[in-house]
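K.L.:
model_6.json is reproduced in full below (JSON, C-alpha atoms and all ligand atoms).
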```json
[["chain", "number", "residue", "atom", "x", "y", "z"],
["K", 248, "MET", "CA", 0.00, 0.00, 0.00],
["K", 249, "LEU", "CA", 2.78, 2.41, 0.93],
["K", 250, "LYS", "CA", 4.35, 1.86, -2.48],
["K", 251, "ASP", "CA", 1.19, 3.36, -4.08],
["K", 252, "VAL", "CA", 1.56, 6.64, -2.14],
["K", 253, "GLU", "CA", 2.88, 9.61, -4.08],
["K", 254, "GLU", "CA", 3.04, 12.18, -1.29],
["K", 255, "VAL", "CA", 1.96, 12.48, 2.34],
["K", 256, "VAL", "CA", -0.27, 15.57, 2.32],
["K", 257, "PHE", "CA", -1.06, 15.69, 6.07],
["K", 258, "SER", "CA", 0.96, 13.58, 8.50],
["K", 259, "GLU", "CA", -0.40, 11.74, 11.52],
["K", 260, "ALA", "CA", 1.08, 14.40, 13.83],
["K", 261, "GLN", "CA", -0.35, 17.29, 11.78],
["K", 262, "ILE", "CA", -3.81, 15.70, 11.84],
["K", 263, "GLN", "CA", -3.76, 15.12, 15.61],
["K", 264, "GLU", "CA", -2.47, 18.62, 16.30],
["K", 265, "ARG", "CA", -5.21, 20.18, 14.14],
["K", 266, "ILE", "CA", -7.92, 18.05, 15.78],
["K", 267, "LYS", "CA", -6.80, 19.28, 19.21],
["K", 268, "LYS", "CA", -7.31, 22.90, 18.11],
["K", 269, "LEU", "CA", -10.58, 22.06, 16.37],
["K", 270, "CYS", "CA", -11.89, 20.52, 19.61],
["K", 271, "GLU", "CA", -11.12, 23.73, 21.48],
["K", 272, "GLU", "CA", -13.03, 25.73, 18.84],
["K", 273, "ILE", "CA", -16.00, 23.35, 19.06],
["K", 274, "ALA", "CA", -16.03, 23.27, 22.88],
["K", 275, "ASP", "CA", -15.95, 27.10, 22.98],
["K", 276, "ALA", "CA", -18.81, 27.35, 20.47],
["K", 277, "TYR", "CA", -21.11, 24.91, 22.29],
["K", 278, "GLU", "CA", -20.31, 26.13, 25.82],
["K", 279, "LYS", "CA", -20.81, 22.73, 27.51],
["K", 280, "LYS", "CA", -24.16, 22.11, 25.79],
["K", 281, "PRO", "CA", -24.64, 18.42, 24.92],
["K", 282, "VAL", "CA", -24.02, 17.74, 21.24],
["K", 283, "LEU", "CA", -25.08, 14.90, 18.98],
["K", 284, "LEU", "CA", -22.24, 14.09, 16.58],
["K", 285, "VAL", "CA", -23.65, 12.70, 13.34],
["K", 286, "GLY", "CA", -20.93, 10.91, 11.38],
["K", 287, "ILE", "CA", -21.30, 10.40, 7.64],
["K", 288, "LEU", "CA", -20.15, 6.86, 6.93],
["K", 289, "LYS", "CA", -17.67, 5.58, 6.10],
["K", 290, "GLY", "CA", -15.05, 8.29, 5.69],
["K", 291, "CYS", "CA", -15.71, 9.87, 9.11],
["K", 292, "LEU", "CA", -14.45, 6.74, 10.91],
["K", 293, "PHE", "CA", -11.09, 7.87, 12.31],
["K", 294, "PHE", "CA", -11.84, 11.59, 12.35],
["K", 295, "MET", "CA", -14.95, 11.11, 14.49],
["K", 296, "ALA", "CA", -13.21, 8.68, 16.87],
["K", 297, "ASP", "CA", -10.23, 11.01, 17.42],
["K", 298, "LEU", "CA", -12.37, 14.15, 17.63],
["K", 299, "MET", "CA", -14.83, 12.82, 20.21],
["K", 300, "ARG", "CA", -12.04, 11.56, 22.47],
["K", 301, "LYS", "CA", -10.54, 15.04, 22.64],
["K", 302, "LEU", "CA", -13.83, 16.95, 23.01],
["K", 303, "ASP", "CA", -14.42, 18.28, 26.50],
["K", 304, "ILE", "CA", -18.23, 18.57, 26.21],
["K", 305, "PRO", "CA", -20.98, 15.95, 26.61],
["K", 306, "VAL", "CA", -21.43, 14.11, 23.31],
["K", 307, "ALA", "CA", -23.64, 11.38, 21.93],
["K", 308, "ILE", "CA", -23.14, 9.83, 18.50],
["K", 309, "ASP", "CA", -25.17, 8.58, 15.57],
["K", 310, "PHE", "CA", -24.34, 7.71, 11.98],
["K", 311, "ILE", "CA", -25.88, 8.18, 8.57],
["K", 312, "SER", "CA", -24.82, 6.60, 5.30],
["K", 313, "VAL", "CA", -25.57, 8.05, 1.90],
["K", 314, "SER", "CA", -24.95, 6.78, -1.60],
["K", 315, "SER", "CA", -22.38, 8.65, -3.58],
["K", 316, "TYR", "CA", -23.66, 10.19, -6.80],
["K", 317, "GLY", "CA", -21.77, 7.76, -9.02],
["K", 318, "PRO", "CA", -18.24, 7.91, -10.36],
["K", 319, "SER", "CA", -16.37, 10.92, -9.04],
["K", 320, "THR", "CA", -16.51, 12.63, -12.42],
["K", 321, "GLU", "CA", -20.32, 12.46, -12.46],
["K", 322, "LYS", "CA", -21.73, 15.31, -10.36],
["K", 323, "THR", "CA", -25.48, 14.83, -10.78],
["K", 324, "GLY", "CA", -26.48, 15.69, -7.22],
["K", 325, "ALA", "CA", -28.55, 12.54, -6.77],
["K", 326, "VAL", "CA", -28.05, 11.38, -3.16],
["K", 327, "LYS", "CA", -29.83, 8.50, -1.45],
["K", 328, "ILE", "CA", -29.90, 7.63, 2.27],
["K", 329, "LEU", "CA", -28.63, 4.04, 2.66],
["K", 330, "LYS", "CA", -28.69, 4.02, 6.50],
["K", 331, "ASP", "CA", -30.67, 6.61, 8.39],
["K", 332, "LEU", "CA", -30.07, 7.90, 11.93],
["K", 333, "ASP", "CA", -31.14, 5.59, 14.77],
["K", 334, "THR", "CA", -32.58, 8.40, 16.89],
["K", 335, "PRO", "CA", -34.76, 11.51, 16.36],
["K", 336, "ILE", "CA", -32.81, 14.79, 16.39],
["K", 337, "GLN", "CA", -35.63, 17.16, 17.28],
["K", 338, "ASP", "CA", -34.44, 19.86, 19.74],
["K", 339, "LYS", "CA", -30.89, 18.47, 19.78],
["K", 340, "HIS", "CA", -27.69, 20.32, 18.91],
["K", 341, "VAL", "CA", -26.45, 18.38, 15.90],
["K", 342, "LEU", "CA", -22.91, 18.56, 14.56],
["K", 343, "ILE", "CA", -22.36, 16.72, 11.29],
["K", 344, "ILE", "CA", -18.92, 15.08, 11.03],
["K", 345, "GLU", "CA", -17.74, 14.78, 7.42],
["K", 346, "ASP", "CA", -14.44, 13.70, 5.89],
["K", 347, "VAL", "CA", -14.32, 15.99, 2.83],
["K", 348, "VAL", "CA", -16.56, 18.69, 1.42],
["K", 349, "ASP", "CA", -15.90, 18.74, -2.29],
["K", 350, "THR", "CA", -18.79, 19.80, -4.58],
["K", 351, "GLY", "CA", -21.01, 20.17, -1.50],
["K", 352, "LEU", "CA", -23.76, 18.11, -3.15],
["K", 353, "THR", "CA", -23.80, 15.42, -0.44],
["K", 354, "LEU", "CA", -23.88, 17.85, 2.46],
["K", 355, "GLY", "CA", -26.30, 20.18, 0.69],
["K", 356, "TYR", "CA", -28.78, 17.33, 0.48],
["K", 357, "LEU", "CA", -28.15, 16.14, 4.05],
["K", 358, "LEU", "CA", -28.49, 19.61, 5.54],
["K", 359, "ARG", "CA", -31.87, 20.08, 3.84],
["K", 360, "ASN", "CA", -32.99, 16.64, 4.98],
["K", 361, "LEU", "CA", -31.86, 17.01, 8.62],
["K", 362, "LYS", "CA", -33.18, 20.57, 8.95],
["K", 363, "GLU", "CA", -36.69, 19.25, 8.32],
["K", 364, "ARG", "CA", -36.36, 17.16, 11.51],
["K", 365, "SER", "CA", -36.22, 20.35, 13.63],
["K", 366, "PRO", "CA", -32.88, 20.10, 15.48],
["K", 367, "ALA", "CA", -32.12, 22.86, 18.01],
["K", 368, "SER", "CA", -29.09, 23.68, 15.85],
["K", 369, "LEU", "CA", -27.32, 22.11, 12.88],
["K", 370, "GLN", "CA", -23.65, 22.73, 12.10],
["K", 371, "VAL", "CA", -20.92, 21.05, 10.07],
["K", 372, "CYS", "CA", -17.39, 19.97, 10.93],
["K", 373, "SER", "CA", -15.32, 18.63, 8.04],
["K", 374, "LEU", "CA", -11.76, 17.38, 8.22],
["K", 375, "LEU", "CA", -11.02, 18.59, 4.69],
["K", 376, "ASP", "CA", -12.44, 21.38, 2.58],
["K", 377, "LYS", "CA", -11.90, 21.45, -1.19],
["K", 378, "PRO", "CA", -13.38, 24.87, -2.10],
["K", 379, "ASP", "CA", -12.15, 24.75, -5.72],
["K", 380, "TYR", "CA", -14.73, 22.14, -6.70],
["K", 381, "ARG", "CA", -17.72, 23.63, -4.86],
["K", 382, "ILE", "CA", -21.07, 23.56, -6.68],
["K", 383, "VAL", "CA", -23.38, 24.02, -3.67],
["K", 384, "GLY", "CA", -22.55, 26.64, -1.01],
["K", 385, "ILE", "CA", -22.17, 24.96, 2.39],
["K", 386, "PRO", "CA", -21.93, 26.76, 5.74],
["K", 387, "LEU", "CA", -18.80, 25.06, 7.12],
["K", 388, "GLN", "CA", -18.51, 26.13, 10.75],
["K", 389, "PHE", "CA", -15.51, 23.93, 11.62],
["K", 390, "LYS", "CA", -12.86, 22.60, 9.29],
["K", 391, "GLY", "CA", -9.52, 20.85, 9.65],
["K", 392, "PHE", "CA", -7.57, 21.66, 6.52],
["K", 393, "GLU", "CA", -8.10, 23.25, 3.13],
["K", 394, "LEU", "CA", -6.99, 21.25, 0.16],
["K", 395, "GLY", "CA", -6.50, 22.25, -3.48],
["K", 396, "LYS", "CA", -7.37, 20.21, -6.54],
["K", 397, "LYS", "CA", -6.12, 16.91, -5.19],
["K", 398, "PHE", "CA", -7.71, 13.50, -4.62],
["K", 399, "VAL", "CA", -6.50, 12.05, -1.35],
["K", 400, "VAL", "CA", -6.79, 8.81, 0.61],
["K", 401, "GLY", "CA", -6.04, 7.55, 4.11],
["K", 402, "TYR", "CA", -7.30, 8.38, 7.60],
["K", 403, "GLY", "CA", -10.73, 6.99, 6.62],
["K", 404, "LEU", "CA", -10.71, 8.07, 2.98],
["K", 405, "ASP", "CA", -10.68, 5.42, 0.29],
["K", 406, "TYR", "CA", -10.01, 4.89, -3.37],
["K", 407, "GLN", "CA", -12.03, 1.95, -4.72],
["K", 408, "GLY", "CA", -12.47, 0.67, -1.15],
["K", 409, "LYS", "CA", -8.75, 0.68, -0.36],
["K", 410, "TYR", "CA", -6.28, 2.84, 1.62],
["K", 411, "ARG", "CA", -8.73, 3.88, 4.41],
["K", 412, "HIS", "CA", -6.46, 2.45, 7.10],
["K", 413, "LEU", "CA", -3.43, 4.61, 6.31],
["K", 414, "PRO", "CA", -2.73, 6.76, 9.41],
["K", 415, "PHE", "CA", -1.96, 9.85, 7.28],
["K", 416, "ILE", "CA", -3.64, 11.63, 4.35],
["K", 417, "ALA", "CA", -1.87, 11.11, 1.04],
["K", 418, "SER", "CA", -2.14, 11.40, -2.71],
["K", 419, "LEU", "CA", -1.65, 8.29, -4.83],
["K", 420, "LYS", "CA", 0.62, 7.75, -7.79],
["K", 421, "LYS", "CA", -1.05, 8.62, -11.10],
["K", 422, "GLU", "CA", -0.77, 5.05, -12.40],
["K", 423, "ILE", "CA", -2.77, 3.86, -9.36],
["K", 424, "CYS", "CA", -5.34, 6.68, -9.22],
["K", 425, "PRO", "CA", -5.74, 8.95, -12.26],
["K", 426, "LEU", "CA", -8.17, 11.35, -10.45],
["U", 501, "LIG", "P1", -19.21, 16.17, -2.35],
["U", 501, "LIG", "O1", -20.65, 15.77, -2.35],
["U", 501, "LIG", "O2", -18.91, 17.33, -1.45],
["U", 501, "LIG", "O3", -18.70, 16.39, -3.75],
["U", 501, "LIG", "O4", -18.39, 14.91, -1.94],
["U", 501, "LIG", "C1", -18.18, 14.50, -0.68],
["U", 501, "LIG", "C2", -17.72, 13.07, -0.70],
["U", 501, "LIG", "O5", -16.93, 12.75, -1.86],
["U", 501, "LIG", "C3", -16.82, 12.83, 0.48],
["U", 501, "LIG", "O6", -17.56, 12.49, 1.63],
["U", 501, "LIG", "C4", -15.95, 11.70, -0.02],
["U", 501, "LIG", "O7", -16.60, 10.48, 0.17],
["U", 501, "LIG", "C5", -15.83, 11.96, -1.52],
["U", 501, "LIG", "N1", -14.58, 12.70, -1.79],
["U", 501, "LIG", "C6", -14.44, 13.99, -2.17],
["U", 501, "LIG", "N2", -13.15, 14.31, -2.32],
["U", 501, "LIG", "C7", -12.44, 13.21, -1.99],
["U", 501, "LIG", "C8", -11.03, 12.91, -1.94],
["U", 501, "LIG", "O8", -10.13, 13.71, -2.20],
["U", 501, "LIG", "N3", -10.72, 11.64, -1.57],
["U", 501, "LIG", "C9", -11.63, 10.69, -1.28],
["U", 501, "LIG", "N4", -11.19, 9.50, -0.93],
["U", 501, "LIG", "N5", -12.95, 10.94, -1.31],
["U", 501, "LIG", "C10", -13.35, 12.18, -1.67]]
```
With the file now loaded, output its structure as structure tokens.
Ligand code: 5GP
P.N.:
Amino acid sequence: MLKDVEEVVFSEAQIQERIKKLCEEIADAYEKKPVLLVGILKGCLFFMADLMRKLDIPVAIDFISVSSYGPSTEKTGAVKILKDLDTPIQDKHVLIIEDVVDTGLTLGYLLRNLKERSPASLQVCSLLDKPDYRIVGIPLQFKGFELGKKFVVGYGLDYQGKYRHLPFIASLKKEICPL
């Protein structure tokens, strides 16, 4: 797997350091109010686990899984819920935990869908933000890192189901991943 890596974009240490700061920002914003972290499967896996262990406010968790809109080149905006939340979110402070906001189509759909369930508040925390590809404007209250026009894997992010387990975020060699 390591032989497929072109460049480490964010190291393990950089990610952990940024998450520590992010947790301080989140704790300040919520002022000890209990928060429901809603992870978007599967990319949120490590980010959510590391974030919640460093957050000094009461948290509960739930997960939602949505279909991607097809091959990454196809940006149709069609999103389907594959696994819905287990619990109602009415009157709860909900913080969506996402791996990457790219076009914003996935989150745009999810925000509209979750807003209809009347949460007390609804905000977004994404590890990565790729503003260059944005189609739908997304209010991103908390973000880890900005990334340019790069496709990355590792720390929960996959390419064709692989590379999620890498402890860092990396780009792949062009012959492995032409994106
Ligand atoms: P959006 O709907 O914002 O275009 O896409 C969000 C989803 O696309 C992310 O949750 C992620 O699954 C996928 N995605 C976007 N950029 C990347 C990337 O650089 N690497 C990987 N592995 N997935 C990405």
K.L.:
Tell me which of K:Val399, K:Asp338, K:Arg364, K:Glu259 sits closest to Lys421 (chain K), counting all atoms listed in the file.
P.N.:
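Once distances to Lys421 (chain K) are computed over all atoms listed in the file, the minimum belongs to K:Val399.
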K.L.:
Each residue of chain K with at least one atom at most 8 Å from ligand LIG 501 (chain U) should appear once, together with its nearest atom pair and the corresponding distance in Å (one decimal); atoms considered: all atoms listed in the file; ordering: chain, then increasing residue number; output as a Markdown table.
P.N.:
```
| residue | atom | partner | partner_atom | distance |
| --- | --- | --- | --- | --- |
| K:Ile287 | CA | U:LIG501 | O6 | 7.4 |
| K:Lys289 | CA | U:LIG501 | O7 | 7.8 |
| K:Gly290 | CA | U:LIG501 | O7 | 6.1 |
| K:Ser315 | CA | U:LIG501 | O5 | 7.0 |
| K:Tyr316 | CA | U:LIG501 | O1 | 7.7 |
| K:Ser319 | CA | U:LIG501 | O5 | 7.4 |
| K:Lys322 | CA | U:LIG501 | O3 | 7.4 |
| K:Gly324 | CA | U:LIG501 | O1 | 7.6 |
| K:Glu345 | CA | U:LIG501 | O6 | 6.2 |
| K:Asp346 | CA | U:LIG501 | O6 | 5.4 |
| K:Val347 | CA | U:LIG501 | C3 | 4.7 |
| K:Val348 | CA | U:LIG501 | O2 | 4.0 |
| K:Asp349 | CA | U:LIG501 | O2 | 3.4 |
| K:Thr350 | CA | U:LIG501 | O3 | 3.5 |
| K:Gly351 | CA | U:LIG501 | O2 | 3.5 |
| K:Leu352 | CA | U:LIG501 | O1 | 4.0 |
| K:Thr353 | CA | U:LIG501 | O1 | 3.7 |
| K:Leu354 | CA | U:LIG501 | O1 | 6.2 |
| K:Gly355 | CA | U:LIG501 | O1 | 7.8 |
| K:Lys377 | CA | U:LIG501 | N2 | 7.3 |
| K:Tyr380 | CA | U:LIG501 | O3 | 7.6 |
| K:Arg381 | CA | U:LIG501 | O2 | 7.3 |
| K:Lys397 | CA | U:LIG501 | O8 | 5.9 |
| K:Phe398 | CA | U:LIG501 | O8 | 3.4 |
| K:Val399 | CA | U:LIG501 | O8 | 4.1 |
| K:Val400 | CA | U:LIG501 | N4 | 4.7 |
| K:Gly401 | CA | U:LIG501 | N4 | 7.5 |
| K:Gly403 | CA | U:LIG501 | N4 | 8.0 |
| K:Leu404 | CA | U:LIG501 | N4 | 4.2 |
| K:Asp405 | CA | U:LIG501 | N4 | 4.3 |
| K:Tyr406 | CA | U:LIG501 | N4 | 5.3 |
```
K.L.:
If you keep C-alpha atoms, can you produce a file of those selected residues as a PDB file, in the coordinates of the input?
P.N.:
```
ATOM      1  CA  ILE K 287     -21.300  10.400   7.640  1.00  0.00           C
ATOM      2  CA  LYS K 289     -17.670   5.580   6.100  1.00  0.00           C
ATOM      3  CA  GLY K 290     -15.050   8.290   5.690  1.00  0.00           C
ATOM      4  CA  SER K 315     -22.380   8.650  -3.580  1.00  0.00           C
ATOM      5  CA  TYR K 316     -23.660  10.190  -6.800  1.00  0.00           C
ATOM      6  CA  SER K 319     -16.370  10.920  -9.040  1.00  0.00           C
ATOM      7  CA  LYS K 322     -21.730  15.310 -10.360  1.00  0.00           C
ATOM      8  CA  GLY K 324     -26.480  15.690  -7.220  1.00  0.00           C
ATOM      9  CA  GLU K 345     -17.740  14.780   7.420  1.00  0.00           C
ATOM     10  CA  ASP K 346     -14.440  13.700   5.890  1.00  0.00           C
ATOM     11  CA  VAL K 347     -14.320  15.990   2.830  1.00  0.00           C
ATOM     12  CA  VAL K 348     -16.560  18.690   1.420  1.00  0.00           C
ATOM     13  CA  ASP K 349     -15.900  18.740  -2.290  1.00  0.00           C
ATOM     14  CA  THR K 350     -18.790  19.800  -4.580  1.00  0.00           C
ATOM     15  CA  GLY K 351     -21.010  20.170  -1.500  1.00  0.00           C
ATOM     16  CA  LEU K 352     -23.760  18.110  -3.150  1.00  0.00           C
ATOM     17  CA  THR K 353     -23.800  15.420  -0.440  1.00  0.00           C
ATOM     18  CA  LEU K 354     -23.880  17.850   2.460  1.00  0.00           C
ATOM     19  CA  GLY K 355     -26.300  20.180   0.690  1.00  0.00           C
ATOM     20  CA  LYS K 377     -11.900  21.450  -1.190  1.00  0.00           C
ATOM     21  CA  TYR K 380     -14.730  22.140  -6.700  1.00  0.00           C
ATOM     22  CA  ARG K 381     -17.720  23.630  -4.860  1.00  0.00           C
ATOM     23  CA  LYS K 397      -6.120  16.910  -5.190  1.00  0.00           C
ATOM     24  CA  PHE K 398      -7.710  13.500  -4.620  1.00  0.00           C
ATOM     25  CA  VAL K 399      -6.500  12.050  -1.350  1.00  0.00           C
ATOM     26  CA  VAL K 400      -6.790   8.810   0.610  1.00  0.00           C
ATOM     27  CA  GLY K 401      -6.040   7.550   4.110  1.00  0.00           C
ATOM     28  CA  GLY K 403     -10.730   6.990   6.620  1.00  0.00           C
ATOM     29  CA  LEU K 404     -10.710   8.070   2.980  1.00  0.00           C
ATOM     30  CA  ASP K 405     -10.680   5.420   0.290  1.00  0.00           C
ATOM     31  CA  TYR K 406     -10.010   4.890  -3.370  1.00  0.00           C
TER      32      TYR K 406
END
```
K.L.:
Find the distance between CA of Val285 (chain K) and CA of Cys424 (chain K) and write it in Å to one decimal.
P.N.:
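CA of Cys424 (chain K) lies 29.7 Å from CA of Val285 (chain K).
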K.L.:
Interatomic distance between CA of Leu249 (chain K) and CA of Asp379 (chain K)?
P.N.:
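One can read the CA of Leu249 (chain K) to CA of Asp379 (chain K) distance as 27.7 Å.
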K.L.:
Would you compute the distance between CA of Leu361 (chain K) and CA of Ile328 (chain K)? Give it in Å to one decimal.
P.N.:
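Computing it gives 11.5 Å between the two atoms.
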K.L.:
Return as CSV the residues of region 337-419 of chain K lying at most 9 Å from region 264-280 of chain K, together with the closest atom-to-atom pair for each and the distance in Å to one decimal, counting all atoms listed in the file, with rows in chain order and ascending residue number.
P.N.:
```
residue,atom,partner,partner_atom,distance
K:His340,CA,K:Lys280,CA,7.9
K:Cys372,CA,K:Ile273,CA,8.9
K:Leu374,CA,K:Ile266,CA,8.5
K:Phe389,CA,K:Leu269,CA,7.1
K:Lys390,CA,K:Leu269,CA,7.5
K:Gly391,CA,K:Arg265,CA,6.3
K:Phe392,CA,K:Arg265,CA,8.1
```
K.L.:
Which residue, K:Asp376, K:Glu422, K:Glu393, K:Asp331, has the smallest gap to Asn360 (chain K) when you use all atoms listed in the file?
P.N.:
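Among K:Asp376, K:Glu422, K:Glu393, K:Asp331, it is K:Asp331 that comes nearest to Asn360 (chain K).
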K.L.:
With all atoms listed in the file as the atoms that count, which of K:Tyr402, K:Pro335, K:Gln407, K:Leu284 lies nearest to Leu369 (chain K)?
P.N.:
K:Leu284
K.L.:
Find the residues with any atom within 7 Å of (-23.6, 11.4, 17.1); use all atoms listed in the file and the coordinates as given in the file, and write the answer as a ChimeraX atom specification.
P.N.:
/K:283-286,307-310
K.L.:
Of the residues K:Pro305, K:Ala296, K:Phe257, K:Leu426, which is the one nearest to Leu394 (chain K), using only C-alpha atoms?
P.N.:
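Between K:Pro305, K:Ala296, K:Phe257, K:Leu426, the residue approaching Leu394 (chain K) most closely is K:Phe257.
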K.L.:
Tell me which of K:Val326, K:Val341, K:Val282, K:Leu375 sits closest to Leu357 (chain K), counting all atoms listed in the file.
P.N.:
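The closest residue to Leu357 (chain K) is K:Val326.
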K.L.:
Which one of K:Glu363, K:Glu254, K:Asp333, K:Asp297 sits closest to Ser312 (chain K) if you count only C-alpha atoms?
P.N.:
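With only C-alpha atoms as the atom set, the closest residue is K:Asp333.
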